[in-house]
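Undergrad: So that you have it, the file is target-v2.cif, and it contains mmCIF, C-alpha atoms and all ligand atoms:
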data_data
#
loop_
_atom_site.label_atom_id
_atom_site.label_comp_id
_atom_site.auth_asym_id
_atom_site.auth_seq_id
_atom_site.Cartn_x
_atom_site.Cartn_y
_atom_site.Cartn_z
CA MET H 469 2.81 16.91 -13.32
CA ALA H 470 5.90 15.53 -11.52
CA ALA H 471 6.20 11.74 -11.51
CA VAL H 472 7.75 9.57 -8.84
CA ARG H 473 11.29 8.56 -9.83
CA ALA H 474 11.71 5.56 -7.51
CA ARG H 475 13.86 3.00 -9.32
CA CYS H 476 12.69 -0.12 -7.45
CA VAL H 477 9.12 -0.45 -6.22
CA LEU H 478 7.29 -3.30 -4.49
CA LEU H 479 3.52 -3.54 -4.02
CA THR H 480 1.29 -5.99 -2.17
CA GLY H 481 -2.14 -7.11 -3.34
CA SER H 482 -1.34 -6.08 -6.90
CA ASN H 483 -3.46 -8.54 -8.91
CA ARG H 484 -6.67 -6.45 -8.89
CA GLY H 485 -8.23 -3.17 -7.84
CA ILE H 486 -6.01 -0.28 -6.77
CA GLY H 487 -2.86 -2.44 -6.61
CA LEU H 488 -3.18 -3.62 -10.22
CA GLU H 489 -3.84 -0.07 -11.45
CA LEU H 490 -0.82 1.22 -9.52
CA VAL H 491 1.31 -1.37 -11.31
CA ARG H 492 -0.19 -0.39 -14.71
CA GLN H 493 0.33 3.34 -14.24
CA LEU H 494 3.84 2.94 -12.78
CA LEU H 495 4.85 0.89 -15.82
CA GLY H 496 3.20 3.33 -18.22
CA GLY H 497 4.66 6.47 -16.62
CA PRO H 498 7.25 8.77 -18.17
CA GLN H 499 10.14 7.28 -16.16
CA PRO H 500 9.10 3.72 -15.31
CA PRO H 501 11.00 2.04 -12.47
CA THR H 502 13.78 -0.39 -13.37
CA HIS H 503 12.05 -2.99 -11.19
CA VAL H 504 8.39 -3.26 -10.22
CA PHE H 505 7.85 -6.20 -7.88
CA ALA H 506 4.13 -6.92 -8.08
CA THR H 507 3.25 -9.33 -5.33
CA CYS H 508 0.00 -11.24 -4.91
CA ARG H 509 -1.30 -14.42 -3.34
CA ASP H 510 -1.53 -16.47 -6.53
CA PRO H 511 0.45 -15.11 -9.49
CA GLU H 512 0.19 -18.47 -11.33
CA GLY H 513 -3.60 -18.87 -10.96
CA PRO H 514 -6.58 -17.24 -12.70
CA ARG H 515 -6.46 -14.21 -10.38
CA GLY H 516 -2.92 -13.43 -11.58
CA LYS H 517 -3.77 -13.41 -15.30
CA GLU H 518 -3.81 -9.63 -15.79
CA LEU H 519 -0.45 -9.34 -14.05
CA ARG H 520 1.02 -12.14 -16.19
CA ASP H 521 -0.24 -10.38 -19.34
CA LEU H 522 1.44 -7.17 -18.19
CA ALA H 523 4.67 -9.03 -17.35
CA SER H 524 4.79 -10.46 -20.88
CA LYS H 525 5.02 -6.86 -22.18
CA HIS H 526 7.19 -5.30 -19.46
CA PRO H 527 10.50 -6.98 -18.65
CA ASN H 528 10.89 -4.69 -15.60
CA LEU H 529 7.79 -6.26 -13.99
CA VAL H 530 8.57 -9.17 -11.66
CA LEU H 531 5.73 -11.21 -10.14
CA VAL H 532 6.31 -12.57 -6.64
CA LYS H 533 3.96 -14.84 -4.68
CA LEU H 534 3.11 -13.26 -1.34
CA ASP H 535 0.32 -13.65 1.19
CA VAL H 536 0.78 -10.79 3.65
CA ALA H 537 -1.07 -12.73 6.35
CA ASN H 538 1.68 -15.38 6.28
CA PRO H 539 4.83 -14.22 8.15
CA SER H 540 7.12 -16.88 6.66
CA ALA H 541 5.92 -16.01 3.12
CA ILE H 542 6.95 -12.39 3.77
CA VAL H 543 10.47 -13.46 4.78
CA SER H 544 10.75 -15.72 1.69
CA ALA H 545 9.54 -12.93 -0.62
CA ALA H 546 12.14 -10.53 0.82
CA LYS H 547 14.89 -13.07 0.04
CA ILE H 548 13.64 -13.49 -3.54
CA VAL H 549 13.51 -9.71 -4.08
CA GLU H 550 16.97 -9.23 -2.54
CA GLY H 551 18.34 -11.80 -5.00
CA LYS H 552 16.73 -10.06 -7.99
CA LEU H 553 17.97 -6.63 -6.91
CA ASN H 554 21.55 -7.82 -7.12
CA GLY H 555 22.99 -5.42 -4.53
CA ALA H 556 20.59 -2.51 -5.19
CA GLY H 557 18.08 -1.27 -2.60
CA LEU H 558 14.29 -1.00 -2.63
CA ASN H 559 13.09 2.61 -2.94
CA LEU H 560 9.38 2.24 -2.45
CA LEU H 561 7.30 -0.31 -0.54
CA ILE H 562 3.54 0.12 -1.07
CA ASN H 563 1.51 -1.89 1.44
CA ASN H 564 -1.75 -2.01 -0.51
CA ALA H 565 -3.27 -5.45 0.24
CA GLY H 566 -6.32 -5.16 2.42
CA ILE H 567 -9.56 -6.85 3.40
CA PHE H 568 -12.95 -5.43 4.32
CA THR H 569 -15.86 -7.26 5.96
CA PRO H 570 -19.23 -5.57 6.58
CA VAL H 571 -19.53 -6.40 10.29
CA SER H 572 -21.07 -4.31 13.07
CA LEU H 573 -20.49 -4.34 16.84
CA GLU H 574 -23.32 -6.88 17.05
CA THR H 575 -21.99 -9.28 14.41
CA VAL H 576 -18.19 -9.06 14.69
CA ASP H 577 -16.35 -11.89 16.46
CA SER H 578 -12.79 -12.55 17.58
CA GLU H 579 -11.85 -14.54 14.44
CA GLU H 580 -12.91 -11.66 12.17
CA MET H 581 -11.03 -9.08 14.28
CA ILE H 582 -7.87 -11.19 14.15
CA ARG H 583 -8.25 -11.88 10.42
CA ALA H 584 -8.55 -8.15 9.67
CA TYR H 585 -5.58 -7.25 11.88
CA LYS H 586 -3.40 -9.95 10.31
CA THR H 587 -3.87 -8.57 6.80
CA ASN H 588 -4.44 -4.85 7.36
CA ALA H 589 -2.05 -4.07 10.22
CA VAL H 590 0.27 -6.98 11.05
CA GLY H 591 1.03 -7.63 7.36
CA PRO H 592 2.33 -4.07 6.75
CA LEU H 593 4.32 -4.23 10.01
CA LEU H 594 6.05 -7.48 9.01
CA MET H 595 6.55 -6.28 5.42
CA ALA H 596 8.43 -3.23 6.67
CA GLN H 597 10.53 -5.36 9.05
CA ALA H 598 11.46 -7.84 6.32
CA PHE H 599 12.22 -5.23 3.63
CA LEU H 600 13.95 -2.79 6.00
CA PRO H 601 17.51 -3.79 5.01
CA LEU H 602 16.65 -3.17 1.33
CA LEU H 603 14.95 0.16 2.12
CA LYS H 604 17.95 1.23 4.21
CA LYS H 605 20.25 0.27 1.36
CA ALA H 606 18.25 2.49 -1.03
CA ALA H 607 18.41 5.39 1.45
CA GLN H 608 22.17 4.97 1.89
CA ASP H 609 22.81 4.77 -1.85
CA SER H 610 20.75 7.88 -2.63
CA ARG H 611 22.37 11.28 -3.09
CA GLU H 612 19.05 13.07 -2.42
CA GLU H 613 18.75 15.20 0.72
CA GLY H 614 15.83 14.70 3.12
CA LEU H 615 13.06 12.12 2.82
CA SER H 616 11.26 11.22 -0.41
CA CYS H 617 9.60 8.42 -2.34
CA ASN H 618 12.42 8.56 -4.88
CA LYS H 619 14.91 7.76 -2.12
CA ALA H 620 13.27 5.29 0.32
CA ALA H 621 9.66 5.15 1.48
CA ILE H 622 6.95 3.00 3.00
CA ILE H 623 3.45 3.92 1.82
CA ASN H 624 0.67 2.27 3.78
CA ILE H 625 -2.63 2.34 1.89
CA SER H 626 -5.05 3.20 4.67
CA THR H 627 -8.50 4.79 4.75
CA LEU H 628 -10.53 7.67 6.04
CA LEU H 629 -12.55 5.00 7.89
CA GLY H 630 -9.48 4.49 10.14
CA SER H 631 -9.57 8.14 11.27
CA ILE H 632 -10.94 8.30 14.82
CA GLU H 633 -11.82 11.99 14.53
CA ARG H 634 -13.77 11.54 11.30
CA THR H 635 -15.69 8.41 12.43
CA PRO H 636 -19.07 10.04 13.23
CA GLU H 637 -19.60 11.16 9.62
CA SER H 638 -19.16 7.65 8.16
CA TYR H 639 -20.38 5.46 11.02
CA PHE H 640 -23.49 4.52 9.04
CA LYS H 641 -21.01 1.87 7.79
CA PRO H 642 -19.72 0.41 11.08
CA VAL H 643 -17.22 -2.08 9.52
CA ILE H 644 -15.66 -2.53 12.95
CA SER H 645 -12.81 -4.91 12.09
CA TYR H 646 -11.80 -2.79 9.08
CA ARG H 647 -11.88 0.51 10.99
CA CYS H 648 -9.97 -0.83 14.01
CA SER H 649 -7.32 -2.57 11.88
CA LYS H 650 -6.80 0.56 9.73
CA ALA H 651 -6.63 2.79 12.84
CA ALA H 652 -3.88 0.40 13.98
CA LEU H 653 -2.21 0.84 10.59
CA ASN H 654 -2.34 4.61 11.06
CA MET H 655 -0.64 4.31 14.45
CA LEU H 656 1.91 1.93 12.92
CA THR H 657 2.66 4.54 10.24
CA ARG H 658 3.41 7.21 12.87
CA CYS H 659 5.66 4.79 14.82
CA GLN H 660 7.44 3.72 11.62
CA ALA H 661 8.00 7.38 10.68
CA LEU H 662 9.57 8.13 14.06
CA THR H 663 11.82 5.05 13.92
CA TYR H 664 12.68 4.62 10.23
CA GLY H 665 12.94 8.35 9.53
CA LYS H 666 16.35 8.27 11.24
CA ALA H 667 17.48 5.80 8.56
CA GLY H 668 16.26 8.11 5.76
CA ILE H 669 12.96 6.31 5.13
CA LEU H 670 9.74 8.30 4.62
CA CYS H 671 6.59 6.66 6.06
CA VAL H 672 3.14 7.90 5.05
CA ALA H 673 -0.42 6.52 5.14
CA LEU H 674 -2.56 7.35 2.07
CA HIS H 675 -6.34 7.19 1.65
CA PRO H 676 -7.19 6.44 -2.00
CA GLY H 677 -10.73 7.90 -1.85
CA TRP H 678 -13.85 5.77 -2.23
CA VAL H 679 -12.94 3.76 -5.30
CA LYS H 680 -14.87 1.50 -7.70
CA THR H 681 -13.17 -1.84 -6.98
CA ASP H 682 -14.40 -5.16 -5.60
CA MET H 683 -13.95 -3.63 -2.15
CA GLY H 684 -15.32 -0.17 -2.91
CA THR H 685 -18.19 -1.51 -5.12
CA GLN H 686 -19.50 0.19 -8.25
CA GLU H 687 -21.38 2.73 -6.09
CA ALA H 688 -18.08 4.39 -5.16
CA ASP H 689 -17.18 7.98 -6.13
CA LEU H 690 -13.95 7.44 -8.03
CA THR H 691 -12.77 5.26 -10.87
CA VAL H 692 -9.67 3.29 -10.04
CA ASP H 693 -7.87 5.23 -12.79
CA THR H 694 -8.64 8.62 -11.17
CA SER H 695 -7.72 7.43 -7.67
CA VAL H 696 -4.40 5.97 -8.80
CA GLN H 697 -3.55 9.05 -10.88
CA GLY H 698 -4.12 11.05 -7.70
CA LEU H 699 -2.05 8.73 -5.51
CA LEU H 700 0.82 8.76 -8.00
CA SER H 701 0.75 12.55 -8.17
CA VAL H 702 0.93 12.77 -4.36
CA LEU H 703 3.98 10.48 -4.05
CA PRO H 704 6.49 12.93 -5.60
CA ILE H 705 5.44 15.79 -3.29
CA LEU H 706 5.90 13.82 -0.06
CA SER H 707 8.76 14.92 2.19
CA GLU H 708 9.76 14.87 5.88
CA LYS H 709 6.90 17.23 6.71
CA HIS H 710 4.42 14.52 5.66
CA SER H 711 6.18 11.57 7.30
CA GLY H 712 3.94 9.90 9.90
CA MET H 713 0.78 11.54 8.49
CA LEU H 714 -2.43 10.30 6.85
CA LEU H 715 -3.14 12.06 3.54
CA ASN H 716 -5.82 11.55 0.92
CA TRP H 717 -5.36 10.91 -2.83
CA LYS H 718 -5.28 14.67 -3.42
CA GLY H 719 -2.49 15.21 -0.88
CA LYS H 720 -4.77 16.74 1.78
CA THR H 721 -4.06 15.80 5.41
CA ILE H 722 -6.74 13.75 7.21
CA PRO H 723 -6.85 14.09 11.02
CA TRP H 724 -6.14 10.97 13.07
P1 LIG L 1 -9.80 -5.07 -3.65
O1 LIG L 1 -10.68 -5.87 -2.75
O2 LIG L 1 -10.25 -4.73 -5.00
O3 LIG L 1 -8.35 -5.76 -3.75
C1 LIG L 1 -7.71 -6.17 -2.59
C2 LIG L 1 -6.36 -6.71 -2.95
O4 LIG L 1 -5.72 -7.12 -1.72
C3 LIG L 1 -6.44 -7.94 -3.85
O5 LIG L 1 -5.35 -7.93 -4.73
C4 LIG L 1 -6.31 -9.08 -2.86
O6 LIG L 1 -5.78 -10.27 -3.41
C5 LIG L 1 -5.30 -8.45 -1.90
N1 LIG L 1 -5.21 -9.18 -0.64
C6 LIG L 1 -6.16 -9.37 0.30
N2 LIG L 1 -5.67 -10.12 1.30
C7 LIG L 1 -4.38 -10.39 0.98
C8 LIG L 1 -3.35 -11.12 1.59
N3 LIG L 1 -3.52 -11.75 2.77
N4 LIG L 1 -2.14 -11.19 0.99
C9 LIG L 1 -1.94 -10.57 -0.19
N5 LIG L 1 -2.88 -9.90 -0.85
C10 LIG L 1 -4.09 -9.81 -0.26
O7 LIG L 1 -9.47 -3.74 -2.81
P2 LIG L 1 -8.99 -2.29 -3.28
O8 LIG L 1 -8.11 -2.40 -4.45
O9 LIG L 1 -10.18 -1.43 -3.32
O10 LIG L 1 -8.16 -1.87 -1.98
C11 LIG L 1 -6.75 -1.74 -1.96
C12 LIG L 1 -6.37 -1.00 -0.69
O11 LIG L 1 -7.03 0.27 -0.66
C13 LIG L 1 -6.81 -1.73 0.59
O12 LIG L 1 -5.81 -1.62 1.57
C14 LIG L 1 -8.05 -0.96 1.02
O13 LIG L 1 -8.28 -1.03 2.40
C15 LIG L 1 -7.71 0.45 0.57
N6 LIG L 1 -8.88 1.29 0.39
C16 LIG L 1 -9.80 1.04 -0.59
C17 LIG L 1 -10.90 1.86 -0.75
C18 LIG L 1 -11.92 1.65 -1.81
O14 LIG L 1 -12.91 2.43 -1.84
N7 LIG L 1 -11.77 0.71 -2.71
C19 LIG L 1 -11.14 3.00 0.17
C20 LIG L 1 -10.11 3.18 1.16
C21 LIG L 1 -9.03 2.35 1.25
P3 LIG L 1 -6.70 -11.56 -3.83
O15 LIG L 1 -7.16 -11.31 -5.23
O16 LIG L 1 -5.76 -12.71 -3.68
O17 LIG L 1 -7.86 -11.60 -2.86
#
What would the structure in this file look like if it were written as structure tokens?
Ligand code: NDP

TA:
Amino acid sequence: MAAVRARCVLLTGSNRGIGLELVRQLLGGPQPPTHVFATCRDPEGPRGKELRDLASKHPNLVLVKLDVANPSAIVSAAKIVEGKLNGAGLNLLINNAGIFTPVSLETVDSEEMIRAYKTNAVGPLLMAQAFLPLLKKAAQDSREEGLSCNKAAIINISTLLGSIERTPESYFKPVISYRCSKAALNMLTRCQALTYGKAGILCVALHPGWVKTDMGTQEADLTVDTSVQGLLSVLPILSEKHSGMLLNWKGKTIPW
């Protein structure tokens, strides 16, 4: 199985669930990146312990404090990462952080809608804006033709629940704020692909499957290990023909 060969990777929400497993498997892969920037809200606190344990074994793992719902924190994190990269670019930005609240049309309110948008849609938008110079640098420095995750890419971790066409089959879980914010993330991905593609940056939304994490619960179909193995095997096959699309963890296209 081909592995992604991105040299510098940054992830959000990487202290637990899918984000933490992505960090683990990237570090344990056949060609680990030279830099993995694992960002999370509290790397120093109890919720950052597993990341700190990993960092003590992997000198290429750098922990960076980052709350994606805080625009100034995003700008500060981009400056820190730029300093650590020492003139190199960022090949792969994985916008993984997300929140999920079980609200219906009857129970959702404006605060919850705004909270979900801030983390699930506005966060990825601002992350891409702040890290764009570093992604462009990676694209310019690459000798690879076309678009790829090895060269420069933004991967937005989205969900099937954000697909408008597929809503009827899963609407027994209304999760209004989550669905609407992830549908916004899907639209953002298409807009990013059309804009950033010209600079050599691939932009794709990926659905990890229904995964046993705090968000997915233990009732979910997939272990986090299986989902992340799938996601990491999809990354190397992505090219310009996938840019601006929503794909699942097996690489199958999901309709908008
Ligand atoms: P978890 O709830 O297990 O983990 C969520 C992660 O996001 C945590 O690291 C959390 O950090 C972080 N996070 C939340 N808000 C912020 C914020 N404002 N700034 C930075 N980090 C934040 O979820 P999963 O691992 O299951 O989900 C990861 C991604 O996959 C999400 O985008 C989710 O929507 C998507 N997904 C998950 C599915 C599933 O079945 N699990 C299905 C489809 C999509 P902290 O510990 O600080 O709270």

Undergrad: Which residue out of H:Val472, H:Leu594, H:Leu662, H:Leu628 has the minimum interatomic distance to ligand LIG 1 (chain L) when only C-alpha atoms and all ligand atoms are used?

TA: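 Distance minimum relative to ligand LIG 1 (chain L) lands on H:Leu628.
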
Undergrad: Build an axis-aligned box that encloses every atom of ligand LIG 1 (chain L) listed in the file, pad it by 4 Å on each side, and report its centre and edge lengths in Å to one decimal, as JSON.

TA:
{"center_x": -7.4, "center_y": -4.8, "center_z": -1.2, "size_x": 19.0, "size_y": 23.9, "size_z": 16.0}

Undergrad: Identify, counting all atoms listed in the file, the protein, DNA and RNA residues located within 8 Å of ligand LIG 1 (chain L), and give them as a ChimeraX atom specification.

TA: /H:480-488,507-510,515-516,534-538,563-568,586-588,591,624-629,646,650,675-685,688

Undergrad: Using only C-alpha atoms, pick whichever of H:Leu553, H:Leu561, H:Ala589, H:Val702 has the shortest atom-to-atom distance to Ala621 (chain H).

TA: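 Ranking H:Leu553, H:Leu561, H:Ala589, H:Val702 by distance to Ala621 (chain H), first place goes to H:Leu561.
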
Undergrad: Point out the residue among H:Leu699, H:Val571, H:Leu478, H:Leu495 with the least atom-to-atom distance to Leu603 (chain H), counting only C-alpha atoms.

TA: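 Once distances to Leu603 (chain H) are computed over only C-alpha atoms, the minimum belongs to H:Leu478.
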
Undergrad: Between H:Thr657, H:Thr635, H:Gln608, H:Asn559, single out the one closest to Gly712 (chain H), counting all atoms listed in the file.

TA: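 Once distances to Gly712 (chain H) are computed over all atoms listed in the file, the minimum belongs to H:Thr657.
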
Undergrad: Can you tell me, as an NGL selection string, what residues are no more than 12 Å from Ser711 (chain H) when counting all atoms listed in the file, ignoring any on the same chain fewer than 2 positions away?

TA: :H and (614-617 or 620-624 or 654 or 656-666 or 668-674 or 703 or 705-709 or 713-715 or 721)

Undergrad: Determine the nearest neighbour of Gly555 (chain H) from the options H:Glu574, H:Glu512, H:Lys533, H:Pro601, counting all atoms listed in the file.

TA: H:Pro601

Undergrad: Of the residues H:Ile632, H:Ala598, H:Leu700, H:Val692, which is the one nearest to Ile542 (chain H), using all atoms listed in the file?

TA: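 Looking at the shortest contact to Ile542 (chain H), the residue is H:Ala598.
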
Undergrad: Can you tell me how far CA of Thr575 (chain H) sits from CA of Glu633 (chain H), in Å to one decimal?

TA: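 Value for the CA of Thr575 (chain H)-CA of Glu633 (chain H) distance: 23.6 Å.
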
Undergrad: Using Å and a single decimal, report how far CA of Asp689 (chain H) sits from CA of Asn716 (chain H).

TA: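 Between these atoms lies a distance of 13.8 Å.
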
Undergrad: Quick one: residues within 7 Å of Ser645 (chain H), only C-alpha atoms, excluding same-chain residues fewer than 3 positions away - as a PyMOL selection string?

TA: chain H and resi 580-581+584+648-649

Undergrad: Can you work out the spacing between CA of Ile582 (chain H) and CA of Pro570 (chain H) in Å, to one decimal?

TA: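 So the two atoms, CA of Ile582 (chain H) and CA of Pro570 (chain H), lie 14.8 Å apart.
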